[in-house]
Amino acid sequence: MARLSVLGISGGVSTPSRTTAVVNALVKAVAFRVPADTGLIEITEAAPSLFAGLSRSALGASGEAIIQRVEKADLLVVGTPVYRASYTGALKHLFDLVDYRALGGKTVLLGATGGSPYHGLVLEHQLRPLFGFFGAVTVPTGVYGSPDDFVGAELVGPSIRDRISRAAFEAVSLLNSSHADAAVSARVG
Ligand SMILES: Cc1cc2nc3c(=O)[nH]c(=O)nc-3n(C[C@H](O)[C@H](O)[C@H](O)COP(=O)(O)O)c2cc1C
């Protein structure tokens, strides 16, 4: 497979961020399995550029460059802390700026962290439908981290690491099959 661009996006608004730790671990696990150029957008750093405008046309050059990185990546790894039972508003603002046609068929790997295990379904009830809207292909296994999975903002514990590994494996399988489909389409015409 050709070298892929894998972009992590962390909707965490604190530093250090548990969510960024999950996103980084997922990006690393994918890059372990497939040749990849990796990157990370942290909302904490991107917010001044993204909130310079409430619509795409009102963004400056730095905000536009961030949105274009999102639209051009082969694989997005999107993580959010649970805020009020959903993704952070800042993360949603980023995706409100993305062209509604730009993520069709793109593979998206989902992660979240919360203050308790009880909001783990944020992956299924909030994040997955957002990417369903875009027509993206979400990886079946998402990764949710609750406080027991961390010491400070550092990931610990084998069960979340197993889940990260499984999610990365599934993401790479999906990417392989979509590249194989593209090759068949090119041959068949
Ligand atoms: C404003 C706010 C709202 C939150 N709402 C929830 C919530 O609804 N459910 C939950 O499980 N945790 C909630 N939390 C806890 C965070 O999701 C949790 O601490 C998360 O791991 C923080 O991630 P971060 O280190 O990336 O910022 C909330 C925290 C804040 C500051």
# chains A, B, ... in the order shown; residues from 1 in each chain; ligands from 1
>>> residues_near_ligand(ligand="ligand 1", cutoff="8 Å", atoms="only C-alpha atoms and all ligand atoms", output="PyMOL selection string")
chain A and resi 10-21+80-86+112-120+145-147+153
>>> closest_residue(among="A:Leu91, A:Leu4, A:Leu97, A:Val122", to="Ile67 of chain A", atoms="only C-alpha atoms")
A:Leu97
>>> select_by_dssp(residues="chain A", states="alpha helix (DSSP H)", output="NGL selection string")
:A and (18-33 or 43-50 or 61-72 or 89-97 or 122 or 128-133 or 158-188)
>>> select_by_dssp(residues="segment 17-154 of chain A", states="strand (DSSP E or B)", output="JSON list (two decimals) with C-alpha atoms, in the first residue's frame")
[["chain", "number", "residue", "atom", "x", "y", "z"],
["A", 36, "ALA", "CA", 2.28, 6.47, 7.18],
["A", 37, "ASP", "CA", 2.96, 10.18, 7.51],
["A", 38, "THR", "CA", 1.34, 11.22, 10.77],
["A", 39, "GLY", "CA", 0.14, 14.52, 12.17],
["A", 40, "LEU", "CA", -1.91, 15.90, 15.03],
["A", 41, "ILE", "CA", -4.34, 18.78, 15.35],
["A", 42, "GLU", "CA", -5.01, 19.79, 18.94],
["A", 75, "LEU", "CA", -7.34, 8.39, 7.78],
["A", 76, "LEU", "CA", -8.68, 10.58, 10.57],
["A", 77, "VAL", "CA", -8.29, 9.58, 14.20],
["A", 78, "VAL", "CA", -10.80, 11.73, 16.05],
["A", 79, "GLY", "CA", -10.95, 11.92, 19.83],
["A", 80, "THR", "CA", -12.94, 14.02, 22.25],
["A", 81, "PRO", "CA", -13.40, 14.31, 25.97],
["A", 83, "TYR", "CA", -18.44, 17.28, 27.72],
["A", 86, "SER", "CA", -21.27, 14.82, 23.94],
["A", 107, "THR", "CA", -11.89, 6.01, 7.14],
["A", 108, "VAL", "CA", -12.36, 7.51, 10.60],
["A", 109, "LEU", "CA", -11.19, 5.97, 13.85],
["A", 110, "LEU", "CA", -13.04, 7.15, 16.97],
["A", 111, "GLY", "CA", -11.83, 7.78, 20.51],
["A", 112, "ALA", "CA", -13.15, 9.50, 23.62],
["A", 113, "THR", "CA", -12.36, 9.93, 27.29],
["A", 137, "VAL", "CA", -16.57, 4.89, 7.10],
["A", 138, "THR", "CA", -16.08, 4.60, 10.86],
["A", 143, "VAL", "CA", -11.67, 3.46, 22.13],
["A", 144, "TYR", "CA", -13.10, 4.99, 25.30],
["A", 145, "GLY", "CA", -10.84, 5.80, 28.21],
["A", 150, "PHE", "CA", -4.80, 6.75, 33.18],
["A", 151, "VAL", "CA", -2.27, 7.98, 35.67],
["A", 154, "GLU", "CA", -0.70, 8.96, 30.78]]
>>> atom_distance(atom1="atom CA of Gly157 of chain A", atom2="atom CA of Ala90 of chain A")
29.1 Å
>>> closest_residue(among="A:Asp96, A:Tyr87, A:Ile43, A:Ser159", to="Glu124 of chain A", atoms="only C-alpha atoms")
A:Tyr87
>>> closest_residue(among="A:Arg161, A:Arg128, A:Arg166, A:Arg56", to="Arg33 of chain A", atoms="only C-alpha atoms")
A:Arg166
